[in-house]
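One structure below.
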Amino acid sequence: MQEQTLMTTFSSVTSQSSLTDVLKAFPKNSEKLMRLAHDVMAEPGALSRGEREAIAALVSGLNGVGYCAFYHAIFSEVFSGPDRDTGQRLAPLMTYARHLCQGTGDEVDAAFQAALDSGWSEQAIYEVVEVCGLFNYINCIVRAAKLPAPQARPKHLPTPDELAGSYTTWADMVGQK
């Protein structure tokens, strides 16, 4: 049985496609993008991997990209525990991310100052900027490919060790000719 293609301009994208499939179909900059994703999301910094994944989930949700919001929420949970455990602490950074993606200049400035006033470093705030920029870009790819959000959570979540090199693994997969 032949797979049905989605209503999209990309003939190689099917109803069973993943982001990896899309990036493999268009490999020119995809490997570099996934290596950048690793650097932004997984390298040591002021924010933990789980905190960055929570911000990526928020940005993806703001952009209406359920596919990415779903996976980043799971990744955040794997690395940092349930949202209720990190949400309160991250609130000033989440507000900053929200305004950075959708707010006015004055709102961005006020949210920046509020994050500083709540004890976050400029380095942490800049990492929010990187996550927002990266996922605005990746969300555009997913939106163009019309990848649907999964309908159910996996029965067993991956472990932090299983996800530790996920972005570089994806880079390696899309870099294969």
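Residue numbers start at 1 in each chain; chains themselves are named A, B, ... in the order of the structure tokens; ligands are numbered from 1 in the order shown.
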>> Using only C-alpha atoms, which protein or nucleic acid residues come within 10 Å of region 127-140 of chain A? Drop anything in the same chain fewer than 3 positions from it, and give the result as a ChimeraX atom specification.
In response: /A:19,33-34,36-37,40-41,45-47,51-69,93-94,96-98,100-101,121-124,143-146
May I have the selected residues written with N, CA and C atoms, as a CSV table (one decimal), in the first residue's frame?
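See result.csv below for the written result:
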chain,number,residue,atom,x,y,z
A,19,LEU,N,10.3,15.0,11.6
A,19,LEU,CA,11.2,16.1,11.3
A,19,LEU,C,12.4,15.6,10.6
A,33,LEU,N,22.0,22.8,10.9
A,33,LEU,CA,20.9,23.2,11.8
A,33,LEU,C,20.8,22.3,13.1
A,34,MET,N,20.9,21.0,12.9
A,34,MET,CA,20.9,20.1,14.0
A,34,MET,C,22.1,20.2,14.9
A,36,LEU,N,23.7,23.1,15.3
A,36,LEU,CA,23.4,24.3,16.1
A,36,LEU,C,22.4,24.0,17.2
A,37,ALA,N,21.4,23.2,16.9
A,37,ALA,CA,20.4,22.8,17.9
A,37,ALA,C,21.1,22.2,19.1
A,40,VAL,N,22.9,24.9,21.1
A,40,VAL,CA,22.0,25.8,21.8
A,40,VAL,C,21.3,25.0,22.9
A,41,MET,N,20.9,23.8,22.7
A,41,MET,CA,20.0,23.1,23.6
A,41,MET,C,20.8,22.2,24.6
A,45,GLY,N,25.5,25.5,30.1
A,45,GLY,CA,25.2,26.9,30.1
A,45,GLY,C,24.5,27.3,31.4
A,46,ALA,N,24.0,28.5,31.4
A,46,ALA,CA,23.3,29.0,32.6
A,46,ALA,C,22.0,28.2,32.8
A,47,LEU,N,21.4,27.8,31.8
A,47,LEU,CA,20.1,27.0,31.9
A,47,LEU,C,20.4,25.5,31.6
A,51,GLU,N,15.4,23.0,31.2
A,51,GLU,CA,14.9,24.3,31.2
A,51,GLU,C,14.8,24.9,29.7
A,52,ARG,N,15.8,24.6,29.0
A,52,ARG,CA,15.8,25.0,27.6
A,52,ARG,C,14.7,24.3,26.8
A,53,GLU,N,14.5,23.0,27.1
A,53,GLU,CA,13.4,22.3,26.4
A,53,GLU,C,12.1,22.8,26.8
A,54,ALA,N,11.9,23.3,28.0
A,54,ALA,CA,10.6,23.9,28.4
A,54,ALA,C,10.4,25.2,27.7
A,55,ILE,N,11.4,25.9,27.5
A,55,ILE,CA,11.2,27.2,26.7
A,55,ILE,C,10.9,26.9,25.3
A,56,ALA,N,11.6,25.8,24.7
A,56,ALA,CA,11.3,25.4,23.3
A,56,ALA,C,9.8,25.0,23.2
A,57,ALA,N,9.3,24.3,24.2
A,57,ALA,CA,7.9,23.9,24.2
A,57,ALA,C,7.0,25.1,24.2
A,58,LEU,N,7.3,26.0,25.0
A,58,LEU,CA,6.5,27.3,25.1
A,58,LEU,C,6.5,28.0,23.7
A,59,VAL,N,7.7,28.2,23.1
A,59,VAL,CA,7.8,28.9,21.9
A,59,VAL,C,7.1,28.1,20.8
A,60,SER,N,7.2,26.8,20.8
A,60,SER,CA,6.5,26.0,19.7
A,60,SER,C,5.0,26.1,19.9
A,61,GLY,N,4.5,26.1,21.2
A,61,GLY,CA,3.1,26.3,21.4
A,61,GLY,C,2.6,27.7,21.0
A,62,LEU,N,3.4,28.7,21.3
A,62,LEU,CA,3.1,30.1,20.8
A,62,LEU,C,3.0,30.2,19.3
A,63,ASN,N,3.8,29.4,18.7
A,63,ASN,CA,3.8,29.4,17.2
A,63,ASN,C,2.8,28.5,16.6
A,64,GLY,N,2.0,27.8,17.5
A,64,GLY,CA,1.0,26.9,17.0
A,64,GLY,C,1.5,25.6,16.3
A,65,VAL,N,2.7,25.2,16.8
A,65,VAL,CA,3.3,24.0,16.2
A,65,VAL,C,3.3,22.9,17.3
A,66,GLY,N,2.2,22.2,17.2
A,66,GLY,CA,1.9,21.1,18.2
A,66,GLY,C,2.9,20.0,18.2
A,67,TYR,N,3.4,19.7,17.0
A,67,TYR,CA,4.4,18.6,16.8
A,67,TYR,C,5.7,18.9,17.7
A,68,CYS,N,6.2,20.1,17.6
A,68,CYS,CA,7.4,20.5,18.4
A,68,CYS,C,7.0,20.7,19.9
A,69,ALA,N,5.9,21.3,20.1
A,69,ALA,CA,5.5,21.6,21.5
A,69,ALA,C,5.4,20.2,22.3
A,93,LEU,N,11.5,33.8,32.9
A,93,LEU,CA,12.1,33.6,31.6
A,93,LEU,C,11.0,33.2,30.6
A,94,MET,N,10.0,32.5,31.0
A,94,MET,CA,8.9,32.2,30.1
A,94,MET,C,8.2,33.5,29.7
A,96,TYR,N,9.5,36.4,29.5
A,96,TYR,CA,10.5,37.0,28.6
A,96,TYR,C,10.4,36.4,27.2
A,97,ALA,N,10.4,35.0,27.1
A,97,ALA,CA,10.3,34.3,25.9
A,97,ALA,C,9.0,34.7,25.1
A,98,ARG,N,7.9,34.7,25.9
A,98,ARG,CA,6.6,35.0,25.3
A,98,ARG,C,6.6,36.4,24.7
A,100,LEU,N,9.3,38.1,23.8
A,100,LEU,CA,10.2,38.1,22.7
A,100,LEU,C,9.6,37.6,21.4
A,101,CYS,N,8.8,36.6,21.5
A,101,CYS,CA,8.1,36.1,20.3
A,101,CYS,C,6.9,36.9,19.9
A,121,SER,N,20.6,35.6,35.4
A,121,SER,CA,21.7,36.3,34.8
A,121,SER,C,21.5,36.7,33.4
A,122,GLU,N,22.2,37.6,32.9
A,122,GLU,CA,22.1,38.0,31.5
A,122,GLU,C,22.5,36.8,30.6
A,123,GLN,N,23.4,35.9,31.0
A,123,GLN,CA,23.7,34.7,30.2
A,123,GLN,C,22.4,33.8,30.1
A,124,ALA,N,21.7,33.6,31.2
A,124,ALA,CA,20.5,32.8,31.1
A,124,ALA,C,19.5,33.4,30.2
A,143,ARG,N,6.0,23.6,10.3
A,143,ARG,CA,4.7,24.2,9.8
A,143,ARG,C,4.6,24.0,8.3
A,144,ALA,N,5.7,24.3,7.6
A,144,ALA,CA,5.6,24.1,6.1
A,144,ALA,C,5.4,22.6,5.7
A,145,ALA,N,6.0,21.7,6.5
A,145,ALA,CA,5.9,20.3,6.2
A,145,ALA,C,4.5,19.8,6.7
A,146,LYS,N,3.8,20.5,7.5
A,146,LYS,CA,2.5,20.2,8.1
A,146,LYS,C,2.6,18.9,8.9
With the cut-off set at 8 Å and counting only C-alpha atoms, tabulate each residue of region 35-144 of chain A with an atom at most that distance from an atom of region 155-163 of chain A, showing the nearest atom pair and its distance in Å to one decimal, ordered by chain and increasing number, as JSON lines.
{"residue": "A:Ile74", "atom": "CA", "partner": "A:Leu157", "partner_atom": "CA", "distance": 7.6}
{"residue": "A:Phe75", "atom": "CA", "partner": "A:Leu163", "partner_atom": "CA", "distance": 7.8}
{"residue": "A:Val78", "atom": "CA", "partner": "A:Pro160", "partner_atom": "CA", "distance": 6.0}
{"residue": "A:Phe79", "atom": "CA", "partner": "A:Pro160", "partner_atom": "CA", "distance": 5.9}
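Going from CA of Arg35 (chain A) over to CA of Pro148 (chain A), you cover 24.0 Å.
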> Expressed in Å to a single decimal, how great is the separation between CA of Asp172 (chain A) and CA of Glu31 (chain A)?
Replying inline: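 These two atoms are separated by 6.9 Å.
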